[in-house]
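Heads up: the structure comes next, in structure tokens.
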Amino acid sequence: MGVREKFQYDLQELKDKLVELGEYALNALNRAIVALEQQNIDDALRIMEEDAKVDKLEEKINDFAILLIAKQQPVAIDLRRIMVAVKIASDLERIADFAVNIAKSTIRIGNEPLIKPIDHIKKMHQIASSMIELTMKAFEEEDIVKAKQVAEMDDKVDSLYGQTIQELLSYTHQMPEKIEQITQLSFICRYLERTADHVTNITESIFYLVKGRHYDLNN
């Protein structure tokens, strides 16, 4: 295997590790919402315990990227691919952290009956998880059309977030004895909204990778 061929093989391995990290983050988020809906404390605890796998995989990606830069001294598009991988890994790790935070909120709510069905939260999650799936495809294919679609989906999450927070705030007056649960549900909404923001950050990285320019898609 020639030097250039080996480098392309290594770049593909870096991409594969990043896709694996994306799958971990998405799985953790999906499981966290199911645990919330079912108020399954055991599953919530497992999500927290398994977060170390995500942290270790992010470290592997960072170490591998540094090694590639040191050994190959890449330029132009190949250097962007490596730097973008590091940035995306950081955003995916944060998304996995939000899944852990949702699990923690689920534990704090415990088995207390929910004050209302969590339909808006589930809808926010549905959009956010679809964003993750689509943005990872956009990354694999270096497809800015898909990346732009993801950024547009973020507005829907923001709108649902505003509606849900307003509704939850109204319950603080009607059910002051439920303030702890209301607070935790509000936190969960925020974690999902921030998840969508981090997915949008990933789409910005994809734009930079393909176009060589920075774009702000969070506004």
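By order in the structure tokens, chains are A, B, ...; within a chain, residues start at 1; ligands start at 1, following the order shown.
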Could you build a table of the residues in range 146-180 of chain A lying no more than 8 Å from range 122-130 of chain A, giving for each the nearest pair of atoms and their separation in Å rounded to one decimal place, using only C-alpha atoms, ordered by chain and ascending residue number, as a Markdown table?
```
| residue | atom | partner | partner_atom | distance |
| --- | --- | --- | --- | --- |
| A:Met153 | CA | A:Ile127 | CA | 7.1 |
| A:Asp154 | CA | A:Ala128 | CA | 7.8 |
| A:Lys156 | CA | A:Ile127 | CA | 7.8 |
| A:Val157 | CA | A:Met124 | CA | 5.5 |
| A:Leu160 | CA | A:Met124 | CA | 6.6 |
| A:Tyr161 | CA | A:Met124 | CA | 7.5 |
```
| said: Can you tell me which residues surround Asp51 in chain A at a distance of at most 8 Å, considering only C-alpha atoms, apart from same-chain residues fewer than 6 positions away, and format the answer as an MDAnalysis selection string? | reply: chainID A and resid 96:97 100
| message | List as a ChimeraX atom specification the protein and nucleic acid residues near Ala138 in chain A, meaning an atom at most 7 Å away when only C-alpha atoms are counted, but skip any in the same chain fewer than 6 places from it. | response | /A:144,146-147
Go ahead and save the picked residues with N, CA, C and O atoms, as a PDB file, in the first residue's frame.
```
ATOM      1  N   ILE A 144     -23.994  19.108   1.041  1.00  0.00           N
ATOM      2  CA  ILE A 144     -24.461  20.338   1.700  1.00  0.00           C
ATOM      3  C   ILE A 144     -25.956  20.558   1.508  1.00  0.00           C
ATOM      4  O   ILE A 144     -26.560  21.342   2.247  1.00  0.00           O
ATOM      5  N   LYS A 146     -28.266  18.167   1.960  1.00  0.00           N
ATOM      6  CA  LYS A 146     -28.800  17.522   3.165  1.00  0.00           C
ATOM      7  C   LYS A 146     -28.474  18.353   4.403  1.00  0.00           C
ATOM      8  O   LYS A 146     -29.302  18.496   5.312  1.00  0.00           O
ATOM      9  N   ALA A 147     -27.272  18.892   4.459  1.00  0.00           N
ATOM     10  CA  ALA A 147     -26.857  19.702   5.611  1.00  0.00           C
ATOM     11  C   ALA A 147     -27.768  20.910   5.779  1.00  0.00           C
ATOM     12  O   ALA A 147     -28.157  21.267   6.905  1.00  0.00           O
TER      13      ALA A 147
END
```
Select from range 31-120 of chain A every residue with an atom at most 12 Å from any atom of range 192-214 of chain A, then for each give the shortest pair of atoms and their distance in Å to one decimal, using only C-alpha atoms, rows by chain and rising number, as a tab-separated table.
```
residue	atom	partner	partner_atom	distance
A:Ala32	CA	A:Leu192	CA	11.0
A:Ile33	CA	A:Leu192	CA	10.0
A:Ala76	CA	A:Gly212	CA	8.9
A:Ile77	CA	A:Leu209	CA	7.2
A:Asp78	CA	A:Leu209	CA	9.2
A:Leu79	CA	A:Leu209	CA	9.4
A:Arg80	CA	A:Leu209	CA	5.8
A:Arg81	CA	A:Leu209	CA	6.3
A:Ile82	CA	A:Leu209	CA	9.5
A:Met83	CA	A:Leu209	CA	9.0
A:Val84	CA	A:Ser205	CA	5.9
A:Ala85	CA	A:Ser205	CA	8.6
A:Val86	CA	A:Ser205	CA	10.1
A:Lys87	CA	A:Ser205	CA	7.4
A:Ile88	CA	A:Ile202	CA	5.6
A:Ala89	CA	A:Ile202	CA	9.0
A:Ser90	CA	A:His198	CA	9.3
A:Asp91	CA	A:His198	CA	5.6
A:Leu92	CA	A:His198	CA	7.6
A:Glu93	CA	A:His198	CA	9.8
A:Arg94	CA	A:His198	CA	7.6
A:Ile95	CA	A:Thr195	CA	5.4
A:Ala96	CA	A:Thr195	CA	8.8
A:Asp97	CA	A:Thr195	CA	9.4
A:Phe98	CA	A:Thr195	CA	6.9
A:Ala99	CA	A:Leu192	CA	8.6
A:Val100	CA	A:Leu192	CA	11.6
A:Asn101	CA	A:Leu192	CA	10.1
A:Ile102	CA	A:Leu192	CA	8.7
A:His120	CA	A:Leu192	CA	11.0
```
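Distances here use only C-alpha atoms; by that measure, the residue among A:Tyr9, A:Phe139, A:Phe64, A:Tyr171 closest to Thr183 in chain A is A:Tyr171.
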Identify, on the basis of only C-alpha atoms, every residue whose closest approach to range 38-42 of chain A does not exceed 9 Å; exclude the query and any residue fewer than 3 positions from it along the same chain; express the result as a short mmCIF file (atom, residue, chain, number, x, y, z; two decimals) with all heavy atoms, in the first residue's frame.
```
data_model
loop_
_atom_site.label_atom_id
_atom_site.label_comp_id
_atom_site.auth_asym_id
_atom_site.auth_seq_id
_atom_site.Cartn_x
_atom_site.Cartn_y
_atom_site.Cartn_z
N ILE A 33 -35.18 9.28 26.05
CA ILE A 33 -36.57 9.71 25.94
C ILE A 33 -37.53 8.56 26.26
O ILE A 33 -38.56 8.76 26.90
CB ILE A 33 -36.85 10.29 24.53
CG1 ILE A 33 -36.05 11.58 24.32
CG2 ILE A 33 -38.34 10.56 24.34
CD1 ILE A 33 -36.38 12.70 25.30
N VAL A 34 -37.18 7.36 25.84
CA VAL A 34 -38.00 6.19 26.19
C VAL A 34 -38.01 5.99 27.70
O VAL A 34 -39.06 5.72 28.31
CB VAL A 34 -37.48 4.91 25.47
CG1 VAL A 34 -38.20 3.67 26.01
CG2 VAL A 34 -37.69 5.04 23.97
N ALA A 35 -36.84 6.13 28.33
CA ALA A 35 -36.75 5.99 29.79
C ALA A 35 -37.61 7.04 30.49
O ALA A 35 -38.28 6.74 31.49
CB ALA A 35 -35.30 6.12 30.24
N LEU A 45 -30.30 4.93 34.55
CA LEU A 45 -29.00 4.69 35.19
C LEU A 45 -28.01 4.05 34.22
O LEU A 45 -26.82 4.40 34.21
CB LEU A 45 -29.17 3.80 36.42
CG LEU A 45 -29.81 4.46 37.64
CD1 LEU A 45 -30.19 3.41 38.68
CD2 LEU A 45 -28.86 5.49 38.25
N ARG A 46 -28.50 3.14 33.39
CA ARG A 46 -27.62 2.49 32.41
C ARG A 46 -27.09 3.49 31.39
O ARG A 46 -25.92 3.41 30.98
CB ARG A 46 -28.36 1.34 31.72
CG ARG A 46 -28.32 0.03 32.49
CD ARG A 46 -28.83 -1.14 31.66
NE ARG A 46 -30.27 -1.09 31.52
CZ ARG A 46 -31.12 -1.66 32.38
NH1 ARG A 46 -30.66 -2.31 33.44
NH2 ARG A 46 -32.43 -1.60 32.20
N ILE A 47 -27.93 4.42 30.98
CA ILE A 47 -27.49 5.45 30.03
C ILE A 47 -26.35 6.26 30.64
O ILE A 47 -25.35 6.57 29.97
CB ILE A 47 -28.67 6.37 29.66
CG1 ILE A 47 -29.69 5.60 28.82
CG2 ILE A 47 -28.19 7.61 28.90
CD1 ILE A 47 -31.04 6.27 28.72
N ALA A 103 -31.47 11.62 31.26
CA ALA A 103 -31.56 10.45 32.15
C ALA A 103 -31.53 10.89 33.62
O ALA A 103 -32.30 10.37 34.45
CB ALA A 103 -30.42 9.48 31.86
N THR A 106 -34.83 12.31 34.52
CA THR A 106 -35.79 11.22 34.67
C THR A 106 -35.69 10.60 36.06
O THR A 106 -36.71 10.30 36.70
CB THR A 106 -35.53 10.14 33.59
OG1 THR A 106 -35.75 10.72 32.29
CG2 THR A 106 -36.43 8.93 33.78
N ILE A 107 -34.47 10.42 36.53
CA ILE A 107 -34.24 9.86 37.87
C ILE A 107 -34.79 10.81 38.93
O ILE A 107 -35.40 10.37 39.92
CB ILE A 107 -32.75 9.58 38.08
CG1 ILE A 107 -32.30 8.42 37.17
CG2 ILE A 107 -32.46 9.24 39.54
CD1 ILE A 107 -30.81 8.26 37.07
N ILE A 109 -37.23 12.96 38.60
CA ILE A 109 -38.70 12.92 38.56
C ILE A 109 -39.19 11.65 39.24
O ILE A 109 -40.20 11.64 39.95
CB ILE A 109 -39.21 12.98 37.10
CG1 ILE A 109 -38.92 14.37 36.51
CG2 ILE A 109 -40.71 12.68 37.04
CD1 ILE A 109 -39.17 14.47 35.01
N GLY A 110 -38.46 10.55 39.04
CA GLY A 110 -38.80 9.29 39.69
C GLY A 110 -40.10 8.71 39.16
O GLY A 110 -40.41 8.81 37.97
N ASN A 111 -40.86 8.13 40.05
CA ASN A 111 -42.13 7.48 39.68
C ASN A 111 -43.34 8.36 39.88
O ASN A 111 -44.48 7.90 39.75
CB ASN A 111 -42.29 6.19 40.49
CG ASN A 111 -41.22 5.17 40.14
OD1 ASN A 111 -40.92 4.96 38.96
ND2 ASN A 111 -40.64 4.54 41.15
N GLU A 112 -43.11 9.62 40.20
CA GLU A 112 -44.21 10.55 40.38
C GLU A 112 -44.98 10.71 39.06
O GLU A 112 -44.36 10.92 38.01
CB GLU A 112 -43.66 11.91 40.81
CG GLU A 112 -44.72 12.98 41.01
CD GLU A 112 -44.10 14.33 41.35
OE1 GLU A 112 -43.33 14.85 40.51
OE2 GLU A 112 -44.36 14.84 42.45
N PRO A 113 -46.30 10.59 39.07
CA PRO A 113 -47.07 10.73 37.82
C PRO A 113 -46.73 12.05 37.11
O PRO A 113 -46.61 13.10 37.76
CB PRO A 113 -48.53 10.71 38.30
CG PRO A 113 -48.48 9.96 39.60
CD PRO A 113 -47.17 10.33 40.23
#
```
| query | So, counting only C-alpha atoms, which residue among A:Gln149, A:Leu168, A:Glu59, A:Val19 is closest to Phe187 in chain A? | reply | A:Leu168
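Compared by their closest atoms to Thr135 in chain A, and using only C-alpha atoms, the residues A:Met48, A:Leu36, A:Val150, A:Ile118 rank with A:Val150 nearest.
For the residues A:Lys6, A:Lys104, A:Leu217, A:Ile179, ranking by smallest atom-to-atom distance to Asp43 in chain A using only C-alpha atoms places A:Lys104 first.
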| request: Tell me, as a PyMOL selection string, which residues lie within 9 Å of Gln181 in chain A, counting only C-alpha atoms; anything in the same chain fewer than 5 positions away does not count. | output: chain A and resi 105+108-109+112+114-115+186
| With only C-alpha atoms as the atoms that count, which of A:Val54, A:Cys189, A:Ile69, A:Leu134 lies nearest to Ile121 in chain A? | A:Cys189
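Residue nearest Tyr24 in chain A within the list A:Leu11, A:Val145, A:Lys56, A:His173: A:Lys56 [criterion: smallest interatomic distance, only C-alpha atoms].
For the pair CA of Asn30 in chain A and CA of Ile61 in chain A, the separation is 23.1 Å.
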